[in-house]
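Participant: I have a structure I would like to understand better, so I am pasting it below and will then ask my questions one at a time.
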Amino acid sequence: MRRDVFQAIADPVRREIIEILSEEPLNLNAIAEQFDISRPAISRHIKILNECGLVAIEQQGRERFCIIKPDTLAEIANWIDPFRELWEQRLDSFEMYLEQLQSKQNKEENGKDSS
């Protein structure tokens with residue numbers, strides 16, 4: 001069963017696991033050591049990340065390492081990018097509006113001081 005990638009990244013623990021793995025591949029124990037939840041809980045999170053294609057599990061000798069799959073993350077970023085641009089435009093517009101209000105307020109305050 002392939003899970004929904006957006007449902008997978010909705011969980012803060014899974015997002016943190018992705019962030020940790022973005023620095024280097026780690027085995028399950030090394031990942032679990034960075035959380036205050038049980039190793040089986042971490043295993044379930046890793047399983048979900050693996051099922052949705054965000055993380056691959058590779059056998060290296062007797063160890064199993066979790067490796068991030070950046071291609072899947074790139075797909076998510078590409079889907080989100082138009083929305084990011086839209087929100088940046090809206091925030092820029094809001095910032096300009098606030099600057100105009102501040103400028104107007106400053107002019108009004110300066111006008112009162114000179115009376």
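All residue names refer to the structure tokens as shown: chains lettered A, B, ... in order, residues numbered from 1 in each chain, ligands numbered from 1 in order.
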Which polymer residues have any atom within 9 Å of an atom of stretch 15-32 of chain A, counting only C-alpha atoms, with same-chain residues fewer than 5 positions away left out, as a PDB file with N, CA and C atoms, in the first residue's frame?

Facilitator:
ATOM      1  N   ALA A   8       1.720  11.810   5.384  1.00  0.00           N
ATOM      2  CA  ALA A   8       2.948  11.402   6.080  1.00  0.00           C
ATOM      3  C   ALA A   8       3.690  12.599   6.648  1.00  0.00           C
ATOM      4  N   ILE A   9       3.806  13.677   5.881  1.00  0.00           N
ATOM      5  CA  ILE A   9       4.574  14.828   6.376  1.00  0.00           C
ATOM      6  C   ILE A   9       3.749  15.719   7.297  1.00  0.00           C
ATOM      7  N   ALA A  10       2.474  15.396   7.466  1.00  0.00           N
ATOM      8  CA  ALA A  10       1.635  16.169   8.389  1.00  0.00           C
ATOM      9  C   ALA A  10       2.042  15.916   9.848  1.00  0.00           C
ATOM     10  N   ILE A  37      10.233   8.905  22.369  1.00  0.00           N
ATOM     11  CA  ILE A  37       9.175   7.921  22.146  1.00  0.00           C
ATOM     12  C   ILE A  37       9.831   6.562  21.911  1.00  0.00           C
ATOM     13  N   SER A  38       9.045   5.521  21.965  1.00  0.00           N
ATOM     14  CA  SER A  38       9.598   4.162  21.891  1.00  0.00           C
ATOM     15  C   SER A  38      10.187   3.853  20.513  1.00  0.00           C
ATOM     16  N   ARG A  39      11.083   2.893  20.510  1.00  0.00           N
ATOM     17  CA  ARG A  39      11.679   2.434  19.247  1.00  0.00           C
ATOM     18  C   ARG A  39      10.604   1.868  18.316  1.00  0.00           C
ATOM     19  N   PRO A  40       9.629   1.072  18.817  1.00  0.00           N
ATOM     20  CA  PRO A  40       8.568   0.598  17.925  1.00  0.00           C
ATOM     21  C   PRO A  40       7.756   1.745  17.294  1.00  0.00           C
ATOM     22  N   ALA A  41       7.560   2.823  18.052  1.00  0.00           N
ATOM     23  CA  ALA A  41       6.841   3.984  17.499  1.00  0.00           C
ATOM     24  C   ALA A  41       7.662   4.609  16.365  1.00  0.00           C
ATOM     25  N   ILE A  42       8.964   4.719  16.573  1.00  0.00           N
ATOM     26  CA  ILE A  42       9.844   5.254  15.522  1.00  0.00           C
ATOM     27  C   ILE A  42       9.810   4.329  14.306  1.00  0.00           C
ATOM     28  N   SER A  43       9.810   3.030  14.561  1.00  0.00           N
ATOM     29  CA  SER A  43       9.730   2.060  13.457  1.00  0.00           C
ATOM     30  C   SER A  43       8.463   2.263  12.630  1.00  0.00           C
ATOM     31  N   HIS A  45       6.791   5.072  12.293  1.00  0.00           N
ATOM     32  CA  HIS A  45       6.970   6.317  11.532  1.00  0.00           C
ATOM     33  C   HIS A  45       7.857   6.087  10.306  1.00  0.00           C
ATOM     34  N   ILE A  46       8.948   5.358  10.499  1.00  0.00           N
ATOM     35  CA  ILE A  46       9.856   5.050   9.386  1.00  0.00           C
ATOM     36  C   ILE A  46       9.123   4.227   8.327  1.00  0.00           C
ATOM     37  N   LEU A  49       7.011   6.551   6.279  1.00  0.00           N
ATOM     38  CA  LEU A  49       7.860   7.349   5.396  1.00  0.00           C
ATOM     39  C   LEU A  49       8.386   6.514   4.236  1.00  0.00           C
ATOM     40  N   LEU A  54       9.365   8.571   0.843  1.00  0.00           N
ATOM     41  CA  LEU A  54      10.233   9.645   1.330  1.00  0.00           C
ATOM     42  C   LEU A  54      11.551   9.131   1.887  1.00  0.00           C
ATOM     43  N   VAL A  55      11.544   7.876   2.332  1.00  0.00           N
ATOM     44  CA  VAL A  55      12.728   7.274   2.938  1.00  0.00           C
ATOM     45  C   VAL A  55      12.903   5.879   2.360  1.00  0.00           C
ATOM     46  N   ILE A  57      15.077   2.192   2.899  1.00  0.00           N
ATOM     47  CA  ILE A  57      15.796   1.428   3.922  1.00  0.00           C
ATOM     48  C   ILE A  57      16.763   0.511   3.189  1.00  0.00           C
ATOM     49  N   GLU A  63      23.373  -3.964   9.537  1.00  0.00           N
ATOM     50  CA  GLU A  63      22.576  -2.774   9.861  1.00  0.00           C
ATOM     51  C   GLU A  63      21.626  -2.417   8.724  1.00  0.00           C
ATOM     52  N   ARG A  64      20.506  -1.827   9.114  1.00  0.00           N
ATOM     53  CA  ARG A  64      19.567  -1.274   8.136  1.00  0.00           C
ATOM     54  C   ARG A  64      19.572   0.240   8.321  1.00  0.00           C
ATOM     55  N   PHE A  65      19.936   0.955   7.258  1.00  0.00           N
ATOM     56  CA  PHE A  65      20.027   2.402   7.315  1.00  0.00           C
ATOM     57  C   PHE A  65      18.852   3.051   6.591  1.00  0.00           C
ATOM     58  N   CYS A  66      18.376   4.128   7.175  1.00  0.00           N
ATOM     59  CA  CYS A  66      17.307   4.915   6.575  1.00  0.00           C
ATOM     60  C   CYS A  66      17.952   6.053   5.803  1.00  0.00           C
ATOM     61  N   ILE A  67      17.555   6.171   4.559  1.00  0.00           N
ATOM     62  CA  ILE A  67      18.142   7.168   3.664  1.00  0.00           C
ATOM     63  C   ILE A  67      17.009   7.992   3.063  1.00  0.00           C
ATOM     64  N   ILE A  68      17.172   9.285   3.086  1.00  0.00           N
ATOM     65  CA  ILE A  68      16.154  10.170   2.531  1.00  0.00           C
ATOM     66  C   ILE A  68      16.156  10.060   1.007  1.00  0.00           C
ATOM     67  N   PRO A  70      15.430  12.319  -1.914  1.00  0.00           N
ATOM     68  CA  PRO A  70      15.169  13.717  -2.244  1.00  0.00           C
ATOM     69  C   PRO A  70      14.251  13.914  -3.448  1.00  0.00           C
TER      70      PRO A  70
END

Participant: Hey, can you check how far atom CA of A:Ile76 sits from atom CA of A:Phe35?

Facilitator: 25.3 Å

Participant: Using DSSP on the backbone coordinates, identify the residues of chain A assigned to alpha helix (DSSP H); present them as JSON, numbers by chain.

Facilitator: {"A": [5, 6, 7, 8, 9, 12, 13, 14, 15, 16, 17, 18, 19, 20, 21, 22, 23, 28, 29, 30, 31, 32, 39, 40, 41, 42, 43, 44, 45, 46, 47, 48, 49, 50, 51, 70, 71, 72, 73, 74, 75, 76, 77, 78, 79, 80, 81, 82, 83, 84, 85, 86, 87, 88, 89, 90, 91, 92, 93, 94, 95, 96, 97, 98, 99, 100, 101, 102, 103, 104, 105, 106, 107, 108, 109, 110, 111, 112, 113]}

Participant: Sort by chain and increasing residue number a table of all residues of stretch 1-97 of chain A within 10 Å of stretch 101-106 of chain A, each with its closest pair of atoms and their distance in Å to one decimal, counting only C-alpha atoms, and write it as a Markdown table.

Facilitator:
| residue | atom | partner | partner_atom | distance |
| --- | --- | --- | --- | --- |
| A:Glu95 | CA | A:Leu101 | CA | 9.9 |
| A:Met96 | CA | A:Leu101 | CA | 8.7 |
| A:Tyr97 | CA | A:Leu101 | CA | 6.3 |

Participant: Just the selected residues (C-alpha atoms), exported as an mmCIF file, in the first residue's frame, please.

Facilitator:
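And here is the file that came out, again15.cif:
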data_model
loop_
_atom_site.group_PDB
_atom_site.id
_atom_site.type_symbol
_atom_site.label_atom_id
_atom_site.label_comp_id
_atom_site.auth_asym_id
_atom_site.auth_seq_id
_atom_site.Cartn_x
_atom_site.Cartn_y
_atom_site.Cartn_z
ATOM 1 C CA GLU A 95 3.825 44.620 4.220
ATOM 2 C CA MET A 96 3.465 47.553 1.798
ATOM 3 C CA TYR A 97 0.055 48.352 3.306
#

Participant: I need the residues of chain A that end up classed as strand (DSSP E) by DSSP on the backbone, written out as a list in words.

Facilitator: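 Of chain A, only Leu26, Asn27, Val55, Ala56, Ile57, Glu58, Gln59, Gln60, Glu63, Arg64, Phe65, Cys66, Ile67 and Ile68 of chain A fall in strand (DSSP E).
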
Participant: Keeping N, CA and C atoms for every residue in the selection just given, could you write it to a file as a compact mmCIF listing (two decimals), in the first residue's frame?

Facilitator:
# COMPACT_ATOMS: atom_id res chain seq x y z
N LEU A 26 20.97 7.19 8.74
CA LEU A 26 21.13 6.64 10.09
C LEU A 26 20.39 5.33 10.21
N ASN A 27 20.85 4.50 11.17
CA ASN A 27 20.09 3.29 11.45
C ASN A 27 18.95 3.63 12.40
N VAL A 55 11.54 7.88 2.33
CA VAL A 55 12.73 7.27 2.94
C VAL A 55 12.90 5.88 2.36
N ALA A 56 14.15 5.53 2.08
CA ALA A 56 14.47 4.16 1.66
C ALA A 56 15.23 3.51 2.80
N ILE A 57 15.08 2.19 2.90
CA ILE A 57 15.80 1.43 3.92
C ILE A 57 16.76 0.51 3.19
N GLU A 58 18.05 0.69 3.48
CA GLU A 58 19.07 -0.09 2.81
C GLU A 58 19.85 -0.92 3.81
N GLN A 59 20.05 -2.17 3.46
CA GLN A 59 20.84 -3.09 4.29
C GLN A 59 22.31 -2.84 4.00
N GLN A 60 23.07 -2.59 5.05
CA GLN A 60 24.52 -2.42 4.93
C GLN A 60 25.15 -3.31 5.99
N GLU A 63 23.37 -3.96 9.54
CA GLU A 63 22.58 -2.77 9.86
C GLU A 63 21.63 -2.42 8.72
N ARG A 64 20.51 -1.83 9.11
CA ARG A 64 19.57 -1.27 8.14
C ARG A 64 19.57 0.24 8.32
N PHE A 65 19.94 0.95 7.26
CA PHE A 65 20.03 2.40 7.32
C PHE A 65 18.85 3.05 6.59
N CYS A 66 18.38 4.13 7.17
CA CYS A 66 17.31 4.92 6.58
C CYS A 66 17.95 6.05 5.80
N ILE A 67 17.56 6.17 4.56
CA ILE A 67 18.14 7.17 3.66
C ILE A 67 17.01 7.99 3.06
N ILE A 68 17.17 9.28 3.09
CA ILE A 68 16.15 10.17 2.53
C ILE A 68 16.16 10.06 1.01

Participant: Rounded to one decimal, what separation in Å do you get between atom CA of A:Val5 and atom CA of A:Gly53?

Facilitator: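 About the pair atom CA of A:Val5 and atom CA of A:Gly53: they are 7.6 Å apart.
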